[in-house]
file final_7.pdb (PDB, C-alpha atoms, pLDDT in the B column)
ATOM      1  CA  MET A   1      -5.236  16.314 -18.814  1.00 42.00           C
ATOM      2  CA  SER A   2      -7.943  15.465 -16.264  1.00 57.00           C
ATOM      3  CA  GLN A   3      -9.105  17.958 -13.691  1.00 72.00           C
ATOM      4  CA  LEU A   4      -8.210  17.453 -10.039  1.00 69.00           C
ATOM      5  CA  THR A   5     -11.337  15.948  -8.499  1.00 74.00           C
ATOM      6  CA  HIS A   6     -10.585  17.074  -4.934  1.00 71.00           C
ATOM      7  CA  ILE A   7     -10.547  20.787  -5.853  1.00 74.00           C
ATOM      8  CA  ASN A   8     -13.834  22.676  -6.231  1.00 75.00           C
ATOM      9  CA  ALA A   9     -14.559  25.650  -8.518  1.00 76.00           C
ATOM     10  CA  ALA A  10     -13.235  28.055  -5.867  1.00 80.00           C
ATOM     11  CA  GLY A  11      -9.936  26.166  -5.690  1.00 78.00           C
ATOM     12  CA  GLU A  12     -10.681  24.685  -2.274  1.00 81.00           C
ATOM     13  CA  ALA A  13     -10.008  21.106  -1.260  1.00 80.00           C
ATOM     14  CA  HIS A  14     -13.127  19.020  -0.677  1.00 76.00           C
ATOM     15  CA  MET A  15     -14.222  15.410  -0.444  1.00 81.00           C
ATOM     16  CA  VAL A  16     -15.606  14.194  -3.770  1.00 83.00           C
ATOM     17  CA  ASP A  17     -19.336  13.408  -3.802  1.00 81.00           C
ATOM     18  CA  VAL A  18     -19.629   9.819  -5.034  1.00 89.00           C
ATOM     19  CA  SER A  19     -23.336   9.373  -4.258  1.00 87.00           C
ATOM     20  CA  ALA A  20     -24.382   9.359  -7.941  1.00 85.00           C
ATOM     21  CA  LYS A  21     -21.699   6.864  -9.013  1.00 89.00           C
ATOM     22  CA  THR A  22     -22.527   3.277  -9.874  1.00 89.00           C
ATOM     23  CA  GLU A  23     -21.155   0.540  -7.660  1.00 93.00           C
ATOM     24  CA  THR A  24     -18.614  -1.615  -9.478  1.00 94.00           C
ATOM     25  CA  VAL A  25     -15.988  -4.140  -8.455  1.00 97.00           C
ATOM     26  CA  ARG A  26     -12.756  -2.236  -7.958  1.00 97.00           C
ATOM     27  CA  GLU A  27      -9.303  -3.583  -7.290  1.00 98.00           C
ATOM     28  CA  ALA A  28      -5.857  -2.048  -6.909  1.00 98.00           C
ATOM     29  CA  ARG A  29      -2.380  -3.475  -6.413  1.00 99.00           C
ATOM     30  CA  ALA A  30       0.666  -1.594  -5.148  1.00 99.00           C
ATOM     31  CA  GLU A  31       4.244  -2.402  -4.254  1.00 99.00           C
ATOM     32  CA  ALA A  32       6.978  -1.070  -2.008  1.00 99.00           C
ATOM     33  CA  PHE A  33      10.575  -2.114  -1.427  1.00 99.00           C
ATOM     34  CA  VAL A  34      12.843  -2.029   1.619  1.00 99.00           C
ATOM     35  CA  THR A  35      16.532  -2.321   0.743  1.00 99.00           C
ATOM     36  CA  MET A  36      18.913  -3.374   3.496  1.00 99.00           C
ATOM     37  CA  LEU A  37      22.207  -5.078   4.219  1.00 98.00           C
ATOM     38  CA  PRO A  38      22.366  -8.789   3.367  1.00 98.00           C
ATOM     39  CA  GLN A  39      22.815  -9.686   7.044  1.00 97.00           C
ATOM     40  CA  THR A  40      19.679  -7.741   8.011  1.00 98.00           C
ATOM     41  CA  LEU A  41      17.684  -9.561   5.349  1.00 98.00           C
ATOM     42  CA  ALA A  42      19.125 -12.894   6.494  1.00 97.00           C
ATOM     43  CA  MET A  43      18.042 -12.148  10.075  1.00 96.00           C
ATOM     44  CA  ILE A  44      14.470 -11.556   8.850  1.00 96.00           C
ATOM     45  CA  VAL A  45      14.383 -14.656   6.639  1.00 95.00           C
ATOM     46  CA  GLU A  46      15.939 -16.908   9.293  1.00 93.00           C
ATOM     47  CA  GLY A  47      13.487 -15.665  11.924  1.00 87.00           C
ATOM     48  CA  SER A  48      16.279 -14.719  14.320  1.00 82.00           C
ATOM     49  CA  HIS A  49      15.059 -11.171  14.989  1.00 78.00           C
ATOM     50  CA  HIS A  50      14.580 -10.612  18.721  1.00 78.00           C
ATOM     51  CA  LYS A  51      11.265  -8.786  18.113  1.00 80.00           C
ATOM     52  CA  GLY A  52       9.709 -11.804  16.417  1.00 85.00           C
ATOM     53  CA  ASP A  53       8.318 -12.554  12.968  1.00 94.00           C
ATOM     54  CA  VAL A  54       8.980  -9.414  10.917  1.00 97.00           C
ATOM     55  CA  PHE A  55       6.949 -10.535   7.893  1.00 98.00           C
ATOM     56  CA  ALA A  56       3.880 -11.508   9.955  1.00 97.00           C
ATOM     57  CA  THR A  57       3.946  -8.203  11.819  1.00 98.00           C
ATOM     58  CA  ALA A  58       4.388  -6.185   8.610  1.00 98.00           C
ATOM     59  CA  ARG A  59       1.554  -8.103   6.922  1.00 99.00           C
ATOM     60  CA  ILE A  60      -0.881  -7.358   9.763  1.00 99.00           C
ATOM     61  CA  ALA A  61       0.231  -3.707   9.872  1.00 99.00           C
ATOM     62  CA  GLY A  62      -0.399  -3.358   6.131  1.00 99.00           C
ATOM     63  CA  ILE A  63      -3.861  -4.889   6.409  1.00 99.00           C
ATOM     64  CA  GLN A  64      -4.766  -2.626   9.329  1.00 99.00           C
ATOM     65  CA  ALA A  65      -3.445   0.411   7.463  1.00 99.00           C
ATOM     66  CA  ALA A  66      -5.569  -0.304   4.388  1.00 99.00           C
ATOM     67  CA  LYS A  67      -8.674  -0.438   6.577  1.00 98.00           C
ATOM     68  CA  ARG A  68      -7.767   2.913   8.178  1.00 98.00           C
ATOM     69  CA  THR A  69      -6.646   4.829   5.092  1.00 98.00           C
ATOM     70  CA  TRP A  70      -9.577   7.226   5.400  1.00 97.00           C
ATOM     71  CA  GLU A  71      -8.225   8.278   8.833  1.00 96.00           C
ATOM     72  CA  LEU A  72      -4.747   8.994   7.427  1.00 95.00           C
ATOM     73  CA  ILE A  73      -5.442  10.620   4.050  1.00 93.00           C
ATOM     74  CA  PRO A  74      -7.754  13.597   4.654  1.00 90.00           C
ATOM     75  CA  LEU A  75     -10.062  13.411   1.618  1.00 91.00           C
ATOM     76  CA  CYS A  76     -10.385   9.625   1.300  1.00 93.00           C
ATOM     77  CA  HIS A  77     -13.772   8.010   1.840  1.00 94.00           C
ATOM     78  CA  PRO A  78     -14.229   5.319   4.497  1.00 94.00           C
ATOM     79  CA  LEU A  79     -14.589   2.108   2.497  1.00 95.00           C
ATOM     80  CA  LEU A  80     -16.083  -1.311   3.108  1.00 96.00           C
ATOM     81  CA  LEU A  81     -13.152  -3.353   1.819  1.00 98.00           C
ATOM     82  CA  SER A  82     -13.951  -6.918   0.836  1.00 98.00           C
ATOM     83  CA  LYS A  83     -10.309  -8.002   0.463  1.00 98.00           C
ATOM     84  CA  VAL A  84      -6.925  -6.823   1.670  1.00 99.00           C
ATOM     85  CA  GLU A  85      -3.902  -8.979   0.951  1.00 99.00           C
ATOM     86  CA  VAL A  86      -0.279  -8.164   1.754  1.00 99.00           C
ATOM     87  CA  GLN A  87       2.500 -10.405   0.453  1.00 99.00           C
ATOM     88  CA  LEU A  88       6.149 -10.074   1.414  1.00 99.00           C
ATOM     89  CA  GLU A  89       9.000 -11.555  -0.560  1.00 99.00           C
ATOM     90  CA  ALA A  90      12.675 -11.602   0.355  1.00 98.00           C
ATOM     91  CA  GLN A  91      14.800 -10.802  -2.698  1.00 99.00           C
ATOM     92  CA  PRO A  92      18.341 -11.742  -1.605  1.00 98.00           C
ATOM     93  CA  GLU A  93      19.768 -11.004  -5.068  1.00 98.00           C
ATOM     94  CA  HIS A  94      18.832  -7.326  -4.495  1.00 98.00           C
ATOM     95  CA  SER A  95      19.225  -7.372  -0.696  1.00 98.00           C
ATOM     96  CA  ARG A  96      15.664  -6.189  -0.217  1.00 99.00           C
ATOM     97  CA  VAL A  97      12.108  -7.091   0.671  1.00 99.00           C
ATOM     98  CA  ARG A  98       9.320  -6.571  -1.846  1.00 99.00           C
ATOM     99  CA  VAL A  99       5.875  -5.832  -0.442  1.00 99.00           C
ATOM    100  CA  GLU A 100       2.830  -6.238  -2.683  1.00 99.00           C
ATOM    101  CA  SER A 101      -0.675  -5.327  -1.580  1.00 99.00           C
ATOM    102  CA  CYS A 102      -4.051  -5.954  -3.165  1.00 99.00           C
ATOM    103  CA  CYS A 103      -7.316  -4.303  -2.118  1.00 99.00           C
ATOM    104  CA  ARG A 104     -10.789  -5.012  -3.490  1.00 98.00           C
ATOM    105  CA  LEU A 105     -14.352  -3.878  -2.940  1.00 98.00           C
ATOM    106  CA  THR A 106     -17.664  -3.392  -4.659  1.00 97.00           C
ATOM    107  CA  GLY A 107     -18.278   0.314  -4.319  1.00 95.00           C
ATOM    108  CA  LYS A 108     -18.420   3.822  -5.732  1.00 94.00           C
ATOM    109  CA  THR A 109     -14.786   4.831  -5.373  1.00 94.00           C
ATOM    110  CA  GLY A 110     -11.430   3.211  -6.037  1.00 94.00           C
ATOM    111  CA  VAL A 111      -9.029   1.496  -3.670  1.00 97.00           C
ATOM    112  CA  GLU A 112      -5.702   2.805  -4.998  1.00 98.00           C
ATOM    113  CA  MET A 113      -4.947   4.763  -1.833  1.00 98.00           C
ATOM    114  CA  GLU A 114      -5.755   1.755   0.331  1.00 98.00           C
ATOM    115  CA  ALA A 115      -3.367  -0.449  -1.649  1.00 99.00           C
ATOM    116  CA  LEU A 116      -0.621   2.198  -1.542  1.00 99.00           C
ATOM    117  CA  THR A 117      -1.147   2.734   2.188  1.00 99.00           C
ATOM    118  CA  ALA A 118      -1.006  -1.010   2.886  1.00 99.00           C
ATOM    119  CA  ALA A 119       2.283  -1.422   1.006  1.00 99.00           C
ATOM    120  CA  SER A 120       3.783   1.714   2.567  1.00 99.00           C
ATOM    121  CA  VAL A 121       2.884   0.858   6.152  1.00 99.00           C
ATOM    122  CA  ALA A 122       4.091  -2.726   5.758  1.00 99.00           C
ATOM    123  CA  ALA A 123       7.435  -1.317   4.538  1.00 99.00           C
ATOM    124  CA  LEU A 124       7.533   1.169   7.427  1.00 99.00           C
ATOM    125  CA  THR A 125       6.879  -1.682   9.847  1.00 99.00           C
ATOM    126  CA  ILE A 126       9.841  -3.622   8.472  1.00 98.00           C
ATOM    127  CA  TYR A 127      11.978  -0.523   8.985  1.00 98.00           C
ATOM    128  CA  ASP A 128      10.648  -0.037  12.519  1.00 98.00           C
ATOM    129  CA  MET A 129      11.334  -3.614  13.533  1.00 97.00           C
ATOM    130  CA  CYS A 130      14.859  -3.635  12.060  1.00 97.00           C
ATOM    131  CA  LYS A 131      16.100  -0.116  12.820  1.00 97.00           C
ATOM    132  CA  ALA A 132      17.941  -1.312  15.930  1.00 95.00           C
ATOM    133  CA  VAL A 133      20.272  -3.365  13.730  1.00 95.00           C
ATOM    134  CA  GLN A 134      20.362  -1.068  10.675  1.00 97.00           C
ATOM    135  CA  LYS A 135      19.289   2.550  10.459  1.00 98.00           C
ATOM    136  CA  ASP A 136      20.223   3.222   6.819  1.00 98.00           C
ATOM    137  CA  MET A 137      17.657   0.942   5.183  1.00 99.00           C
ATOM    138  CA  VAL A 138      15.939   2.557   2.191  1.00 99.00           C
ATOM    139  CA  ILE A 139      12.199   2.445   1.547  1.00 99.00           C
ATOM    140  CA  GLY A 140      11.130   2.864  -2.046  1.00 98.00           C
ATOM    141  CA  PRO A 141      10.047   3.037  -4.651  1.00 98.00           C
ATOM    142  CA  VAL A 142       6.385   2.802  -3.688  1.00 99.00           C
ATOM    143  CA  ARG A 143       3.979   2.700  -6.607  1.00 99.00           C
ATOM    144  CA  LEU A 144       0.617   1.663  -7.955  1.00 99.00           C
ATOM    145  CA  LEU A 145       0.949  -1.480 -10.060  1.00 99.00           C
ATOM    146  CA  ALA A 146      -2.594  -1.784 -11.374  1.00 98.00           C
ATOM    147  CA  LYS A 147      -6.182  -0.741 -10.830  1.00 98.00           C
ATOM    148  CA  SER A 148      -9.436  -1.904 -12.326  1.00 97.00           C
ATOM    149  CA  GLY A 149     -13.043  -0.793 -12.197  1.00 93.00           C
ATOM    150  CA  GLY A 150     -14.610   2.618 -12.124  1.00 87.00           C
ATOM    151  CA  LYS A 151     -15.228   5.430 -14.566  1.00 84.00           C
ATOM    152  CA  SER A 152     -11.564   6.291 -15.167  1.00 85.00           C
ATOM    153  CA  GLY A 153     -10.901   2.795 -16.501  1.00 88.00           C
ATOM    154  CA  ASP A 154      -8.138   0.330 -15.891  1.00 94.00           C
ATOM    155  CA  PHE A 155      -4.464   1.083 -15.295  1.00 96.00           C
ATOM    156  CA  ARG A 156      -1.442  -1.168 -15.419  1.00 97.00           C
ATOM    157  CA  ALA A 157       2.152  -0.046 -14.879  1.00 96.00           C
ATOM    158  CA  ASP A 158       4.090  -0.339 -18.135  1.00 92.00           C
ATOM    159  CA  ASP A 159       6.711  -2.746 -16.827  1.00 88.00           C
ATOM    160  CA  ILE A 160       4.487  -5.429 -15.308  1.00 76.00           C
TER     161      ILE A 160
END

call {"tool": "encode", "arguments": {"input": "final_7.pdb", "output": "structure tokens"}}
result
Amino acid sequence: MSQLTHINAAGEAHMVDVSAKTETVREARAEAFVTMLPQTLAMIVEGSHHKGDVFATARIAGIQAAKRTWELIPLCHPLLLSKVEVQLEAQPEHSRVRVESCCRLTGKTGVEMEALTAASVAALTIYDMCKAVQKDMVIGPVRLLAKSGGKSGDFRADDI
């Protein structure tokens, strides 16, 4: 098993020094789900929500969140992201919304946390905008789908 990179020899949390790493193209994709009542999903899809376009607002929130991940997760590096994409898909057969995010950069550290943060905050935004009509929506699962680039190699979730 790999060692935890954010823990030093004394067992203290620290920010990893990436200065000696080689810059490579790195990409990560993540997903999150928001499950809700069929009528709540219909309201989103039909655009009849009194707060406006839920998907557009969630998309922008996810993009902003990816860019600010370093402010939210204490040991993350500030990154110069070259791409952040957030896609939202209504899945009426499951009465839910699927959020998928993709982050990319050329740099010395990965973008997994940025992708996960984008998907999570987009899902939270959907909840926030719809909580007046339904408070028992469920967020989750949230997971990393894939990552590429960097010393640790590529990763792809088994079921995709």

call {"tool": "closest_residue", "arguments": {"input": "final_7.pdb", "among": "A:Ala157, A:Leu41, A:Ala58, A:Ala30", "to": "Thr117 of chain A", "atoms": "all atoms listed in the file"}}
result
A:Ala30

call {"tool": "closest_residue", "arguments": {"input": "final_7.pdb", "among": "A:Thr5, A:Ser19, A:Thr106, A:Thr24", "to": "Lys151 of chain A", "atoms": "only C-alpha atoms"}}
result
A:Thr24

call {"tool": "residues_around", "arguments": {"input": "final_7.pdb", "residues": "segment 31-33 of chain A", "least_positions_apart": "4", "cutoff": "10 Å", "atoms": "all atoms listed in the file", "output": "mmCIF file with C-alpha atoms, keeping the file's coordinate frame"}}
result
data_model
loop_
_atom_site.group_PDB
_atom_site.id
_atom_site.type_symbol
_atom_site.label_atom_id
_atom_site.label_comp_id
_atom_site.auth_asym_id
_atom_site.auth_seq_id
_atom_site.Cartn_x
_atom_site.Cartn_y
_atom_site.Cartn_z
ATOM 1 C CA VAL A 86 -0.279 -8.164 1.754
ATOM 2 C CA GLN A 87 2.500 -10.405 0.453
ATOM 3 C CA LEU A 88 6.149 -10.074 1.414
ATOM 4 C CA GLU A 89 9.000 -11.555 -0.560
ATOM 5 C CA ALA A 90 12.675 -11.602 0.355
ATOM 6 C CA GLN A 91 14.800 -10.802 -2.698
ATOM 7 C CA ARG A 96 15.664 -6.189 -0.217
ATOM 8 C CA VAL A 97 12.108 -7.091 0.671
ATOM 9 C CA ARG A 98 9.320 -6.571 -1.846
ATOM 10 C CA VAL A 99 5.875 -5.832 -0.442
ATOM 11 C CA GLU A 100 2.830 -6.238 -2.683
ATOM 12 C CA SER A 101 -0.675 -5.327 -1.580
ATOM 13 C CA CYS A 102 -4.051 -5.954 -3.165
ATOM 14 C CA ALA A 115 -3.367 -0.449 -1.649
ATOM 15 C CA LEU A 116 -0.621 2.198 -1.542
ATOM 16 C CA THR A 117 -1.147 2.734 2.188
ATOM 17 C CA ALA A 118 -1.006 -1.010 2.886
ATOM 18 C CA ALA A 119 2.283 -1.422 1.006
ATOM 19 C CA SER A 120 3.783 1.714 2.567
ATOM 20 C CA VAL A 121 2.884 0.858 6.152
ATOM 21 C CA ALA A 122 4.091 -2.726 5.758
ATOM 22 C CA ALA A 123 7.435 -1.317 4.538
ATOM 23 C CA LEU A 124 7.533 1.169 7.427
ATOM 24 C CA VAL A 138 15.939 2.557 2.191
ATOM 25 C CA ILE A 139 12.199 2.445 1.547
ATOM 26 C CA GLY A 140 11.130 2.864 -2.046
ATOM 27 C CA PRO A 141 10.047 3.037 -4.651
ATOM 28 C CA VAL A 142 6.385 2.802 -3.688
ATOM 29 C CA ARG A 143 3.979 2.700 -6.607
ATOM 30 C CA LEU A 144 0.617 1.663 -7.955
ATOM 31 C CA LEU A 145 0.949 -1.480 -10.060
ATOM 32 C CA ALA A 146 -2.594 -1.784 -11.374
#

call {"tool": "closest_residue", "arguments": {"input": "final_7.pdb", "among": "A:Asp17, A:Asp154, A:Glu85, A:Glu93", "to": "Ala61 of chain A", "atoms": "all atoms listed in the file"}}
result
A:Glu85

call {"tool": "closest_residue", "arguments": {"input": "final_7.pdb", "among": "A:Ile126, A:Met113, A:Lys135, A:Val54", "to": "Trp70 of chain A", "atoms": "all atoms listed in the file"}}
result
A:Met113

call {"tool": "atom_distance", "arguments": {"input": "final_7.pdb", "atom1": "atom CA of Cys76 of chain A", "atom2": "atom CA of Asp158 of chain A"}}
result
26.2 Å
